[in-house]
file data.cif (mmCIF, C-alpha atoms)
data_start
#
loop_
_atom_site.label_atom_id
_atom_site.label_comp_id
_atom_site.auth_asym_id
_atom_site.auth_seq_id
_atom_site.Cartn_x
_atom_site.Cartn_y
_atom_site.Cartn_z
CA MET K 1 -26.03 24.94 -16.99
CA HIS K 2 -24.55 23.79 -20.28
CA LYS K 3 -22.81 20.45 -20.67
CA ARG K 4 -19.03 20.47 -20.73
CA ASN K 5 -17.14 18.54 -23.40
CA GLY K 6 -14.42 17.72 -20.94
CA LEU K 7 -11.67 20.22 -21.90
CA THR K 8 -8.98 20.21 -19.24
CA ALA K 9 -5.62 21.91 -18.94
CA LEU K 10 -3.91 18.68 -20.02
CA ARG K 11 -6.17 18.14 -23.02
CA ILE K 12 -5.75 21.76 -24.08
CA LYS K 13 -1.98 21.30 -23.99
CA ARG K 14 -2.23 18.20 -26.18
CA LYS K 15 -4.39 19.82 -28.89
CA ARG K 16 -2.03 20.53 -31.78
CA LYS K 17 -4.07 19.86 -34.92
CA PRO K 18 -5.46 23.10 -36.42
CA GLY K 19 -9.18 23.52 -35.81
CA ARG K 20 -11.77 24.33 -33.15
CA TYR K 21 -12.44 22.20 -30.08
CA GLY K 22 -15.71 22.80 -28.25
CA ASP K 23 -16.06 23.23 -24.50
CA GLY K 24 -19.82 23.66 -24.65
CA GLY K 25 -22.06 26.69 -24.46
CA GLY K 26 -20.44 28.30 -27.50
CA LEU K 27 -16.91 28.29 -26.09
CA TYR K 28 -14.20 26.88 -28.36
CA LEU K 29 -10.47 26.36 -28.22
CA ALA K 30 -9.06 27.54 -31.57
CA VAL K 31 -5.72 26.18 -32.77
CA ASN K 32 -4.26 27.88 -35.86
CA GLU K 33 -1.82 26.54 -38.46
CA ASN K 34 1.31 27.54 -36.51
CA GLY K 35 0.04 25.99 -33.29
CA ALA K 36 -1.07 29.18 -31.52
CA LYS K 37 -4.13 28.64 -29.30
CA SER K 38 -6.86 31.05 -28.33
CA TRP K 39 -10.41 31.12 -27.00
CA VAL K 40 -13.39 31.93 -29.21
CA PHE K 41 -17.05 32.36 -28.32
CA MET K 42 -19.48 31.59 -31.17
CA TRP K 43 -23.19 32.20 -31.49
CA LYS K 44 -25.93 32.53 -34.09
CA ARG K 45 -28.22 35.45 -34.73
CA HIS K 46 -30.80 35.55 -37.53
CA GLY K 47 -29.31 32.35 -38.89
CA LYS K 48 -25.84 33.82 -39.25
CA ARG K 49 -22.86 32.62 -37.25
CA HIS K 50 -20.78 35.18 -35.34
CA ALA K 51 -17.56 34.90 -33.37
CA ARG K 52 -15.73 36.86 -30.71
CA GLY K 53 -12.15 36.25 -29.62
CA LEU K 54 -11.69 35.89 -25.87
CA GLY K 55 -7.92 36.02 -25.83
CA PRO K 56 -4.94 33.66 -26.15
CA VAL K 57 -4.63 30.57 -23.98
CA ASP K 58 -1.33 31.70 -22.48
CA THR K 59 -2.99 34.75 -20.90
CA VAL K 60 -6.61 33.61 -20.45
CA SER K 61 -7.12 30.44 -18.40
CA LEU K 62 -9.86 27.87 -19.01
CA VAL K 63 -11.75 29.13 -15.95
CA GLU K 64 -11.53 32.75 -17.15
CA ALA K 65 -12.59 31.76 -20.67
CA ARG K 66 -15.67 30.03 -19.28
CA GLU K 67 -16.55 33.14 -17.28
CA LEU K 68 -16.19 35.33 -20.35
CA ALA K 69 -18.30 32.89 -22.37
CA ALA K 70 -21.00 33.02 -19.66
CA GLU K 71 -21.07 36.83 -19.95
CA ALA K 72 -21.32 36.54 -23.71
CA ARG K 73 -24.22 34.05 -23.52
CA LYS K 74 -26.05 36.42 -21.23
CA ALA K 75 -25.57 39.24 -23.73
CA VAL K 76 -27.00 37.03 -26.51
CA ARG K 77 -30.05 36.16 -24.39
CA GLU K 78 -30.64 39.84 -23.71
CA GLY K 79 -30.36 40.74 -27.40
CA ARG K 80 -27.02 42.49 -27.04
CA ASP K 81 -23.94 42.02 -29.19
CA PRO K 82 -21.28 40.13 -27.17
CA ARG K 83 -18.60 41.95 -29.16
CA ALA K 84 -19.60 45.32 -27.72
CA ALA K 85 -17.07 46.84 -25.36
CA ARG K 86 -17.34 46.09 -21.68
CA ALA K 87 -17.32 49.03 -19.29
CA GLY K 88 -13.82 50.37 -18.77
CA THR K 89 -12.26 48.47 -21.70
CA VAL K 90 -10.32 50.12 -24.53
CA THR K 91 -11.73 49.48 -27.99
CA PHE K 92 -9.96 48.97 -31.30
CA GLY K 93 -11.56 52.16 -32.58
CA GLN K 94 -10.12 54.21 -29.72
CA VAL K 95 -6.59 52.93 -30.31
CA ALA K 96 -6.97 53.24 -34.10
CA ASP K 97 -7.95 56.91 -33.79
CA GLU K 98 -4.96 57.57 -31.53
CA VAL K 99 -2.58 55.87 -33.96
CA PHE K 100 -4.03 57.81 -36.88
CA GLU K 101 -3.66 61.16 -35.12
CA THR K 102 -0.07 60.37 -34.15
CA LEU K 103 1.10 59.10 -37.54
CA SER K 104 -0.79 61.54 -39.77
CA THR K 105 1.14 64.56 -38.46
CA ASP K 106 4.11 63.40 -40.58
CA TRP K 107 2.14 62.65 -43.76
CA ARG K 108 2.32 65.11 -46.65
CA SER K 109 -0.21 63.31 -48.83
CA ALA K 110 -3.90 64.05 -48.31
CA LYS K 111 -4.66 60.88 -50.31
CA HIS K 112 -2.57 58.76 -47.92
CA ARG K 113 -4.39 60.29 -44.95
CA TYR K 114 -7.76 59.56 -46.56
CA GLN K 115 -6.82 55.93 -47.32
CA TRP K 116 -5.71 55.30 -43.74
CA LYS K 117 -8.87 56.85 -42.30
CA ARG K 118 -11.09 54.91 -44.69
CA ALA K 119 -9.38 51.62 -43.83
CA LEU K 120 -9.67 52.16 -40.07
CA GLU K 121 -13.27 53.41 -40.17
CA ASN K 122 -14.90 51.53 -43.04
CA HIS K 123 -12.98 48.32 -43.70
CA CYS K 124 -12.41 47.76 -39.97
CA ALA K 125 -15.97 48.65 -38.97
CA THR K 126 -16.56 45.23 -37.34
CA LEU K 127 -13.50 45.73 -35.11
CA ARG K 128 -14.02 49.28 -33.93
CA ASP K 129 -16.37 48.56 -31.01
CA MET K 130 -14.56 45.43 -29.91
CA PRO K 131 -12.34 45.50 -26.81
CA VAL K 132 -8.84 45.51 -28.25
CA VAL K 133 -7.87 42.76 -25.82
CA ASP K 134 -10.48 40.42 -27.33
CA ILE K 135 -9.45 40.67 -30.98
CA GLY K 136 -8.15 37.40 -32.38
CA THR K 137 -7.15 35.94 -35.72
CA GLU K 138 -10.73 35.08 -36.67
CA ASP K 139 -11.78 38.69 -36.17
CA VAL K 140 -9.01 39.93 -38.45
CA LEU K 141 -9.84 37.31 -41.07
CA ARG K 142 -13.46 38.45 -41.04
CA VAL K 143 -12.23 41.87 -42.20
CA LEU K 144 -9.73 40.67 -44.78
CA LYS K 145 -11.42 37.74 -46.52
CA PRO K 146 -14.04 39.80 -48.44
CA LEU K 147 -11.21 41.95 -49.87
CA TRP K 148 -8.38 39.47 -50.27
CA THR K 149 -8.97 38.08 -53.76
CA THR K 150 -10.77 41.04 -55.34
CA ARG K 151 -9.04 44.11 -53.88
CA THR K 152 -5.58 42.79 -53.11
CA VAL K 153 -3.80 46.10 -52.56
CA THR K 154 -6.56 47.40 -50.29
CA ALA K 155 -6.59 44.15 -48.31
CA THR K 156 -2.81 44.15 -47.91
CA ARG K 157 -2.73 47.73 -46.69
CA THR K 158 -5.67 47.14 -44.35
CA ARG K 159 -3.90 44.15 -42.78
CA ASP K 160 -0.78 46.25 -42.24
CA ARG K 161 -2.82 49.02 -40.58
CA ILE K 162 -4.61 46.58 -38.27
CA GLU K 163 -1.23 45.17 -37.27
CA ARG K 164 0.06 48.67 -36.50
CA VAL K 165 -2.96 49.43 -34.31
CA LEU K 166 -2.69 46.16 -32.38
CA ASP K 167 1.06 46.66 -31.91
CA ALA K 168 0.31 50.09 -30.46
CA ALA K 169 -2.34 48.56 -28.16
CA LYS K 170 0.21 46.08 -26.86
CA ALA K 171 2.81 48.81 -26.35
CA LYS K 172 0.26 50.75 -24.29
CA GLY K 173 -0.51 47.69 -22.16
CA HIS K 174 -4.05 47.18 -23.50
CA ARG K 175 -3.38 43.63 -24.74
CA THR K 176 -0.75 40.87 -24.56
CA GLY K 177 0.34 37.94 -26.67
CA GLU K 178 0.98 37.61 -30.41
CA ASN K 179 -0.47 40.05 -32.91
CA PRO K 180 -3.36 38.29 -34.73
CA ALA K 181 -2.78 40.48 -37.80
CA ARG K 182 0.83 39.29 -38.13
CA TRP K 183 1.58 37.99 -41.64
CA LYS K 184 4.46 35.52 -41.31
CA GLY K 185 3.62 32.43 -39.33
CA ASN K 186 -0.01 33.44 -39.03
CA LEU K 187 -2.23 34.97 -41.73
CA LYS K 188 0.12 33.88 -44.51
CA ASP K 189 -0.95 30.31 -43.77
CA LEU K 190 -4.67 31.10 -43.53
CA LEU K 191 -5.31 33.24 -46.61
CA PRO K 192 -5.03 32.27 -50.31
CA LYS K 193 -2.04 33.48 -52.29
CA ARG K 194 -2.35 37.11 -53.22
CA ARG K 195 -2.83 38.07 -56.84
CA HIS K 196 -0.11 40.46 -57.93
CA VAL K 197 -1.80 43.05 -60.12
CA VAL K 198 0.24 46.01 -61.36
CA THR K 199 -1.79 48.94 -62.69
CA HIS K 200 0.20 51.14 -65.04
CA LEU K 201 -0.76 54.77 -65.53
CA LYS K 202 -1.71 55.20 -69.17
CA ALA K 203 1.06 56.93 -71.12
CA MET K 204 1.13 58.67 -74.49
CA PRO K 205 3.62 57.12 -76.94
CA TYR K 206 6.55 59.52 -77.17
CA ALA K 207 6.15 59.72 -80.97
CA GLU K 208 2.81 61.48 -80.40
CA VAL K 209 4.11 64.03 -77.89
CA PRO K 210 5.25 66.70 -80.44
CA THR K 211 1.81 66.66 -82.09
CA PHE K 212 0.11 66.96 -78.70
CA MET K 213 2.50 69.78 -77.79
CA ALA K 214 1.39 71.68 -80.90
CA LYS K 215 -2.24 71.44 -79.70
CA LEU K 216 -1.15 72.59 -76.27
CA ARG K 217 0.64 75.63 -77.63
CA GLY K 218 -2.47 76.57 -79.58
CA ALA K 219 -4.67 76.54 -76.47
CA GLU K 220 -4.94 79.28 -73.86
CA GLY K 221 -4.82 79.40 -70.08
CA VAL K 222 -2.46 78.87 -67.18
CA GLY K 223 -3.32 75.18 -67.14
CA CYS K 224 -1.80 74.71 -70.61
CA SER K 225 1.45 76.29 -69.42
CA VAL K 226 1.49 74.03 -66.37
CA LEU K 227 0.93 70.92 -68.48
CA GLU K 228 3.62 71.86 -71.00
CA PHE K 229 6.08 72.59 -68.19
CA ALA K 230 5.26 69.23 -66.53
CA ILE K 231 5.94 67.39 -69.79
CA LEU K 232 9.24 69.20 -70.39
CA VAL K 233 10.66 68.58 -66.90
CA ALA K 234 9.26 65.01 -66.64
CA ALA K 235 8.24 65.65 -63.04
CA ARG K 236 5.33 64.26 -61.08
CA PRO K 237 2.15 66.38 -61.41
CA GLY K 238 2.03 67.14 -57.68
CA GLU K 239 5.61 68.45 -57.69
CA VAL K 240 4.85 70.79 -60.59
CA LEU K 241 1.53 72.03 -59.20
CA GLY K 242 3.18 72.95 -55.90
CA ALA K 243 6.20 74.69 -57.47
CA LYS K 244 7.16 77.97 -55.78
CA TRP K 245 9.23 80.89 -56.98
CA SER K 246 11.53 80.43 -54.01
CA GLU K 247 12.56 77.09 -55.56
CA ILE K 248 13.34 78.54 -59.00
CA ASP K 249 16.74 79.88 -60.14
CA LEU K 250 16.16 81.32 -63.60
CA THR K 251 19.77 82.48 -63.93
CA GLY K 252 21.19 79.07 -63.11
CA LYS K 253 18.34 77.35 -64.98
CA VAL K 254 17.51 75.00 -62.14
CA TRP K 255 14.42 74.17 -60.13
CA THR K 256 15.19 72.73 -56.70
CA VAL K 257 12.28 70.70 -55.35
CA PRO K 258 12.58 70.40 -51.54
CA ALA K 259 12.61 66.96 -49.92
CA ALA K 260 9.28 67.65 -48.20
CA ARG K 261 7.51 67.67 -51.59
CA MET K 262 9.32 64.73 -53.15
CA LYS K 263 7.99 61.17 -53.13
CA GLY K 264 11.38 59.83 -52.08
CA ASN K 265 11.77 62.51 -49.39
CA ARG K 266 15.04 63.71 -50.99
CA GLU K 267 15.78 67.12 -52.50
CA HIS K 268 15.80 67.01 -56.31
CA GLN K 269 17.40 69.47 -58.72
CA VAL K 270 15.67 69.73 -62.09
CA PRO K 271 17.67 71.23 -65.00
CA LEU K 272 15.54 73.66 -66.98
CA SER K 273 15.55 73.69 -70.78
CA ARG K 274 15.29 76.94 -72.71
CA ARG K 275 11.57 76.40 -73.31
CA SER K 276 10.98 75.62 -69.61
CA VAL K 277 12.69 78.88 -68.66
CA ALA K 278 10.59 80.76 -71.24
CA ILE K 279 7.39 79.39 -69.66
CA LEU K 280 8.58 80.48 -66.20
CA ARG K 281 9.50 83.98 -67.42
CA GLN K 282 6.02 84.26 -68.93
CA MET K 283 4.44 83.23 -65.61
CA ALA K 284 6.65 85.75 -63.77
CA THR K 285 4.95 88.60 -65.64
CA VAL K 286 1.64 87.74 -63.96
CA ARG K 287 3.06 86.65 -60.60
CA MET K 288 0.49 86.94 -57.81
CA SER K 289 1.99 84.80 -55.02
CA ASP K 290 4.89 82.48 -54.30
CA TYR K 291 3.14 79.75 -56.29
CA VAL K 292 4.47 79.61 -59.85
CA PHE K 293 1.14 78.30 -61.12
CA PRO K 294 -1.54 79.81 -58.85
CA GLY K 295 -5.16 78.74 -58.84
CA LYS K 296 -8.27 80.88 -58.55
CA ARG K 297 -7.20 81.59 -54.99
CA GLN K 298 -3.74 83.13 -54.96
CA ASP K 299 -2.75 81.30 -51.78
CA ARG K 300 -3.26 77.92 -53.43
CA PRO K 301 -1.77 76.28 -56.54
CA ILE K 302 -3.80 75.37 -59.57
CA ALA K 303 -5.82 72.16 -59.13
CA GLY K 304 -4.77 68.86 -60.67
CA THR K 305 -8.25 68.44 -62.14
CA THR K 306 -7.46 71.35 -64.46
CA LEU K 307 -4.71 69.35 -66.14
CA ARG K 308 -6.93 66.31 -66.56
CA THR K 309 -9.63 68.49 -68.11
CA ILE K 310 -7.13 69.90 -70.61
CA MET K 311 -5.99 66.39 -71.52
CA ARG K 312 -9.57 65.37 -72.29
CA ARG K 313 -10.29 68.57 -74.20
CA LEU K 314 -7.26 68.18 -76.44
CA GLY K 315 -7.85 64.50 -77.04
CA GLY K 316 -4.87 63.24 -75.06
CA ASP K 317 -5.67 59.59 -74.29
CA ALA K 318 -3.22 59.36 -71.37
CA THR K 319 -2.60 60.51 -67.82
CA VAL K 320 -0.46 63.50 -66.92
CA HIS K 321 1.82 61.23 -64.89
CA GLY K 322 2.15 59.01 -67.97
CA PHE K 323 4.34 61.59 -69.70
CA ARG K 324 7.13 60.48 -67.37
CA SER K 325 6.86 57.05 -68.94
CA ALA K 326 6.91 58.59 -72.43
CA PHE K 327 10.08 60.48 -71.48
CA ARG K 328 11.73 57.31 -70.14
CA ASP K 329 10.85 55.31 -73.27
CA TRP K 330 12.27 58.10 -75.44
CA CYS K 331 15.48 58.11 -73.41
CA GLY K 332 15.95 54.39 -73.92
CA ASP K 333 14.95 54.27 -77.58
CA ARG K 334 16.30 57.52 -79.00
CA THR K 335 19.34 58.56 -76.98
CA SER K 336 22.63 57.03 -75.85
CA PHE K 337 22.49 58.43 -72.33
CA PRO K 338 23.25 55.84 -69.61
CA ARG K 339 20.32 54.33 -67.75
CA GLU K 340 21.34 55.96 -64.45
CA VAL K 341 21.15 59.45 -66.03
CA ALA K 342 17.61 58.85 -67.27
CA GLU K 343 16.56 57.43 -63.90
CA ALA K 344 18.15 60.36 -62.06
CA ALA K 345 16.14 62.73 -64.27
CA LEU K 346 13.00 61.02 -62.94
CA ALA K 347 14.29 61.25 -59.33
CA HIS K 348 14.47 57.46 -59.10
CA ARG K 349 16.99 55.73 -56.85
CA VAL K 350 19.45 53.62 -58.82
CA GLY K 351 21.58 50.75 -57.49
CA ASP K 352 22.02 49.39 -53.98
CA ASP K 353 23.20 51.29 -50.92
CA THR K 354 26.88 50.52 -51.63
CA GLU K 355 26.67 51.78 -55.21
CA ARG K 356 24.89 54.95 -54.12
CA ALA K 357 27.52 55.54 -51.41
CA TYR K 358 30.29 55.59 -54.01
CA ARG K 359 28.30 57.65 -56.52
CA ARG K 360 27.16 60.72 -54.64
CA GLY K 361 26.79 63.04 -57.64
CA HIS K 362 23.52 63.55 -59.45
CA ALA K 363 24.90 63.83 -63.04
CA PHE K 364 23.46 67.33 -63.25
CA GLU K 365 25.39 68.40 -66.37
CA LYS K 366 24.43 65.27 -68.27
CA ARG K 367 20.83 65.68 -67.15
CA SER K 368 20.90 69.27 -68.40
CA GLU K 369 21.86 67.98 -71.85
CA LEU K 370 19.17 65.32 -71.67
CA MET K 371 16.38 67.72 -70.69
CA GLN K 372 17.30 70.19 -73.43
CA MET K 373 17.36 67.33 -75.88
CA TRP K 374 13.89 66.24 -74.72
CA ALA K 375 12.58 69.80 -75.09
CA ASN K 376 13.98 69.95 -78.63
CA TYR K 377 12.28 66.66 -79.46
CA CYS K 378 8.96 67.89 -78.05
CA GLU K 379 9.12 71.15 -80.03
CA PRO K 380 6.10 71.13 -82.38
CA LYS K 381 7.88 71.50 -85.71
CA ALA K 382 8.63 69.20 -88.62
CA GLY K 383 11.47 66.76 -88.33
CA ASN K 384 12.30 67.05 -84.66
CA VAL K 385 15.94 66.27 -85.49
CA VAL K 386 18.40 67.89 -83.08
CA ALA K 387 22.08 67.18 -82.46
CA ILE K 388 23.68 68.19 -79.15
CA ARG K 389 27.27 67.39 -78.26
CA GLY K 390 27.45 64.36 -80.45
CA ARG K 391 24.17 62.88 -79.23
CA ARG K 392 21.13 62.65 -81.41
CA ALA K 393 17.38 62.57 -81.15
CA LYS K 394 15.37 61.25 -84.09
#

call {"tool": "encode", "arguments": {"input": "data.cif", "output": "structure tokens"}}
result
Amino acid sequence: MHKRNGLTALRIKRKRKPGRYGDGGGLYLAVNENGAKSWVFMWKRHGKRHARGLGPVDTVSLVEARELAAEARKAVREGRDPRAARAGTVTFGQVADEVFETLSTDWRSAKHRYQWKRALENHCATLRDMPVVDIGTEDVLRVLKPLWTTRTVTATRTRDRIERVLDAAKAKGHRTGENPARWKGNLKDLLPKRRHVVTHLKAMPYAEVPTFMAKLRGAEGVGCSVLEFAILVAARPGEVLGAKWSEIDLTGKVWTVPAARMKGNREHQVPLSRRSVAILRQMATVRMSDYVFPGKRQDRPIAGTTLRTIMRRLGGDATVHGFRSAFRDWCGDRTSFPREVAEAALAHRVGDDTERAYRRGHAFEKRSELMQMWANYCEPKAGNVVAIRGRRAK
């Protein structure tokens, strides 16, 4: 029988300073920065210290914590991992898989689905076999600390996903008490300040676009037509690759991208310049399916890797998405169109909710002028000087 350090209900109540207070036999009372208290069992294996949360003090009594610690010590003596699930308990992995299956039905992005699955399976590997009721702040920190200062975005998203899983576990009655992955009043006080790193997609200076367009026109293949069209309409690559004939109105010169394929989940009407329409009419002569730009398999669009390959082959030191940035810089530097028109052309939301409520239009006519002006600027010919309705592009 191990020696007790004298923890009693009264002494537990009086412990307010953050830290760990031993009860003997590997059982500790953990008090975090905001005063929350929980039980932790700690042990060593191969010289490395390990910990397992036993639950918050308000739901697990001192007597129960000692019983759980006794079970854990027995597991250590027998060479078992005390964090392994007890018979009949629900594990983090089980709840995580349920949450993923429920949420992923509404996700359009395969990349988003992959990132969620990777976070829950790889980054949270140490949590998956743990009973969800036992997971405490220390367990969450063990996942986040290796990522926090080197992979800030990944760490932030992983924390959010752990919180979602534990919230779901509580809603299903598998655990009680505060969420140990909660940010405010919990992890915010235990982790160093996050480094804010913004990674910009490399863009081609707009002054180089006409020269690049000349190279593009001289090349062959459907991919070149796709890339030229993407540059002219300043749309996201995924929106262009998935374009369907049912979305195109050649007579009205408009491409209506449905909300389901837009990043902002709002329908977007794209005015088509004369050159954009010419590209579409050319594609219509070889139409094989509802996809405007079909891949090797007619039931699928052309792959995004094709566009990246063309960029490398033609010496374009930029990303396909970066042409949107080139377009926006050109709008600001070379035209007198208002900011909100340029932002609307990129399908960006402008202003607060009140401003958007009063301005319900989408400035389609002005955007039509702007997109034709952009197409004229991109035309691979000397000068690139075009005047439209009193506006100019140098």

call {"tool": "residues_near_point", "arguments": {"input": "data.cif", "point": "(1.6, 67.1, -68.6)", "cutoff": "10 Å", "atoms": "all atoms listed in the file", "output": "PDB file with C-alpha atoms, keeping the file's coordinate frame"}}
result
ATOM      1  CA  MET K 213       2.500  69.780 -77.790  1.00  0.00           C
ATOM      2  CA  LEU K 216      -1.150  72.590 -76.270  1.00  0.00           C
ATOM      3  CA  GLY K 223      -3.320  75.180 -67.140  1.00  0.00           C
ATOM      4  CA  CYS K 224      -1.800  74.710 -70.610  1.00  0.00           C
ATOM      5  CA  SER K 225       1.450  76.290 -69.420  1.00  0.00           C
ATOM      6  CA  VAL K 226       1.490  74.030 -66.370  1.00  0.00           C
ATOM      7  CA  LEU K 227       0.930  70.920 -68.480  1.00  0.00           C
ATOM      8  CA  GLU K 228       3.620  71.860 -71.000  1.00  0.00           C
ATOM      9  CA  PHE K 229       6.080  72.590 -68.190  1.00  0.00           C
ATOM     10  CA  ALA K 230       5.260  69.230 -66.530  1.00  0.00           C
ATOM     11  CA  ILE K 231       5.940  67.390 -69.790  1.00  0.00           C
ATOM     12  CA  LEU K 232       9.240  69.200 -70.390  1.00  0.00           C
ATOM     13  CA  VAL K 233      10.660  68.580 -66.900  1.00  0.00           C
ATOM     14  CA  ALA K 234       9.260  65.010 -66.640  1.00  0.00           C
ATOM     15  CA  ALA K 235       8.240  65.650 -63.040  1.00  0.00           C
ATOM     16  CA  ARG K 236       5.330  64.260 -61.080  1.00  0.00           C
ATOM     17  CA  PRO K 237       2.150  66.380 -61.410  1.00  0.00           C
ATOM     18  CA  VAL K 240       4.850  70.790 -60.590  1.00  0.00           C
ATOM     19  CA  LEU K 307      -4.710  69.350 -66.140  1.00  0.00           C
ATOM     20  CA  ARG K 308      -6.930  66.310 -66.560  1.00  0.00           C
ATOM     21  CA  ILE K 310      -7.130  69.900 -70.610  1.00  0.00           C
ATOM     22  CA  MET K 311      -5.990  66.390 -71.520  1.00  0.00           C
ATOM     23  CA  GLY K 316      -4.870  63.240 -75.060  1.00  0.00           C
ATOM     24  CA  ALA K 318      -3.220  59.360 -71.370  1.00  0.00           C
ATOM     25  CA  THR K 319      -2.600  60.510 -67.820  1.00  0.00           C
ATOM     26  CA  VAL K 320      -0.460  63.500 -66.920  1.00  0.00           C
ATOM     27  CA  HIS K 321       1.820  61.230 -64.890  1.00  0.00           C
ATOM     28  CA  GLY K 322       2.150  59.010 -67.970  1.00  0.00           C
ATOM     29  CA  PHE K 323       4.340  61.590 -69.700  1.00  0.00           C
ATOM     30  CA  ARG K 324       7.130  60.480 -67.370  1.00  0.00           C
TER      31      ARG K 324
END

call {"tool": "resolve_selection", "arguments": {"input": "data.cif", "expression": "the PyMOL selection byres ((chain K and resi 44) around 12)", "output": "list in words"}}
result
Gly25, Gly26, Phe41, Met42, Trp43, Arg45, His46, Gly47, Lys48, Arg49, His50, Ala51, Arg52, Arg73, Val76, Arg77, Gly79, Asp81 and Pro82 of chain K

call {"tool": "closest_residue", "arguments": {"input": "data.cif", "among": "K:Gly173, K:Gly218, K:Gly185, K:Gly264", "to": "Val95 in chain K", "atoms": "all atoms listed in the file"}}
result
K:Gly173

call {"tool": "residues_around", "arguments": {"input": "data.cif", "residues": "Arg159 in chain K", "least_positions_apart": "6", "cutoff": "9 Å", "atoms": "all atoms listed in the file", "output": "list in words"}}
result
Val140, Val143, Leu144, Ala181, Arg182 and Trp183 of chain K

call {"tool": "closest_residue", "arguments": {"input": "data.cif", "among": "K:Pro131, K:Pro294, K:Gln269, K:Ala284", "to": "Ala345 in chain K", "atoms": "only C-alpha atoms"}}
result
K:Gln269

call {"tool": "closest_residue", "arguments": {"input": "data.cif", "among": "K:Lys15, K:Lys37, K:Lys188, K:Lys172", "to": "Gly53 in chain K", "atoms": "all atoms listed in the file"}}
result
K:Lys37

call {"tool": "residues_around", "arguments": {"input": "data.cif", "residues": "Trp374 in chain K", "least_positions_apart": "2", "cutoff": "9 Å", "atoms": "all atoms listed in the file", "output": "MDAnalysis selection string"}}
result
chainID K and resid 232:233 273 327 330:331 369:372 376:379 393

call {"tool": "atom_distance", "arguments": {"input": "data.cif", "atom1": "CA of Trp255 in chain K", "atom2": "CA of Leu272 in chain K"}}
result
7.0 Å

call {"tool": "residues_around", "arguments": {"input": "data.cif", "residues": "range 155-157 of chain K", "least_positions_apart": "4", "cutoff": "12 Å", "atoms": "only C-alpha atoms", "output": "count of residues only"}}
result
35

call {"tool": "resolve_selection", "arguments": {"input": "data.cif", "expression": "the PyMOL selection byres ((chain K and resi 58) around 9)", "output": "CSV table (one decimal) with C-alpha atoms, in the coordinates of the input"}}
result
chain,number,residue,atom,x,y,z
K,37,LYS,CA,-4.1,28.6,-29.3
K,38,SER,CA,-6.9,31.0,-28.3
K,55,GLY,CA,-7.9,36.0,-25.8
K,56,PRO,CA,-4.9,33.7,-26.2
K,57,VAL,CA,-4.6,30.6,-24.0
K,59,THR,CA,-3.0,34.8,-20.9
K,60,VAL,CA,-6.6,33.6,-20.4
K,61,SER,CA,-7.1,30.4,-18.4
K,177,GLY,CA,0.3,37.9,-26.7

call {"tool": "axis_aligned_box", "arguments": {"input": "data.cif", "around": "range 326-336 of chain K", "padding_each_side": "4 Å", "output": "AutoDock Vina command-line options"}}
result
--center_x 14.8 --center_y 57.4 --center_z -74.6 --size_x 23.7 --size_y 14.2 --size_z 16.9

call {"tool": "atom_distance", "arguments": {"input": "data.cif", "atom1": "CA of Phe337 in chain K", "atom2": "CA of Ile248 in chain K"}}
result
25.8 Å

call {"tool": "closest_residue", "arguments": {"input": "data.cif", "among": "K:Asp329, K:Leu27, K:His174, K:Ala168", "to": "Val90 in chain K", "atoms": "only C-alpha atoms"}}
result
K:His174

call {"tool": "atom_distance", "arguments": {"input": "data.cif", "atom1": "CA of Tyr28 in chain K", "atom2": "CA of Lys184 in chain K"}}
result
24.3 Å

call {"tool": "residues_around", "arguments": {"input": "data.cif", "residues": "Pro258 in chain K", "least_positions_apart": "6", "cutoff": "8 Å", "atoms": "only C-alpha atoms", "output": "list of chain:residue names"}}
result
K:Glu247, K:Arg266, K:Glu267, K:His268

call {"tool": "decode", "arguments": {"input": "data.cif", "residues": "range 265-282 of chain K", "atoms": "C-alpha atoms", "output": "mmCIF file, in the first residue's frame"}}
result
data_model
loop_
_atom_site.group_PDB
_atom_site.id
_atom_site.type_symbol
_atom_site.label_atom_id
_atom_site.label_comp_id
_atom_site.auth_asym_id
_atom_site.auth_seq_id
_atom_site.Cartn_x
_atom_site.Cartn_y
_atom_site.Cartn_z
ATOM 1 C CA ASN K 265 -21.356 29.272 -50.758
ATOM 2 C CA ARG K 266 -23.121 32.011 -52.792
ATOM 3 C CA GLU K 267 -24.067 31.935 -56.475
ATOM 4 C CA HIS K 268 -21.729 34.085 -58.573
ATOM 5 C CA GLN K 269 -22.353 35.526 -62.036
ATOM 6 C CA VAL K 270 -19.217 36.018 -64.123
ATOM 7 C CA PRO K 271 -19.433 38.435 -67.102
ATOM 8 C CA LEU K 272 -17.722 36.954 -70.147
ATOM 9 C CA SER K 273 -15.448 39.029 -72.365
ATOM 10 C CA ARG K 274 -15.385 38.539 -76.122
ATOM 11 C CA ARG K 275 -12.236 36.404 -75.886
ATOM 12 C CA SER K 276 -13.765 34.276 -73.096
ATOM 13 C CA VAL K 277 -16.815 33.621 -75.274
ATOM 14 C CA ALA K 278 -14.545 32.719 -78.209
ATOM 15 C CA ILE K 279 -12.753 30.118 -76.062
ATOM 16 C CA LEU K 280 -16.096 28.625 -75.002
ATOM 17 C CA ARG K 281 -17.377 28.487 -78.597
ATOM 18 C CA GLN K 282 -14.181 26.684 -79.567
#
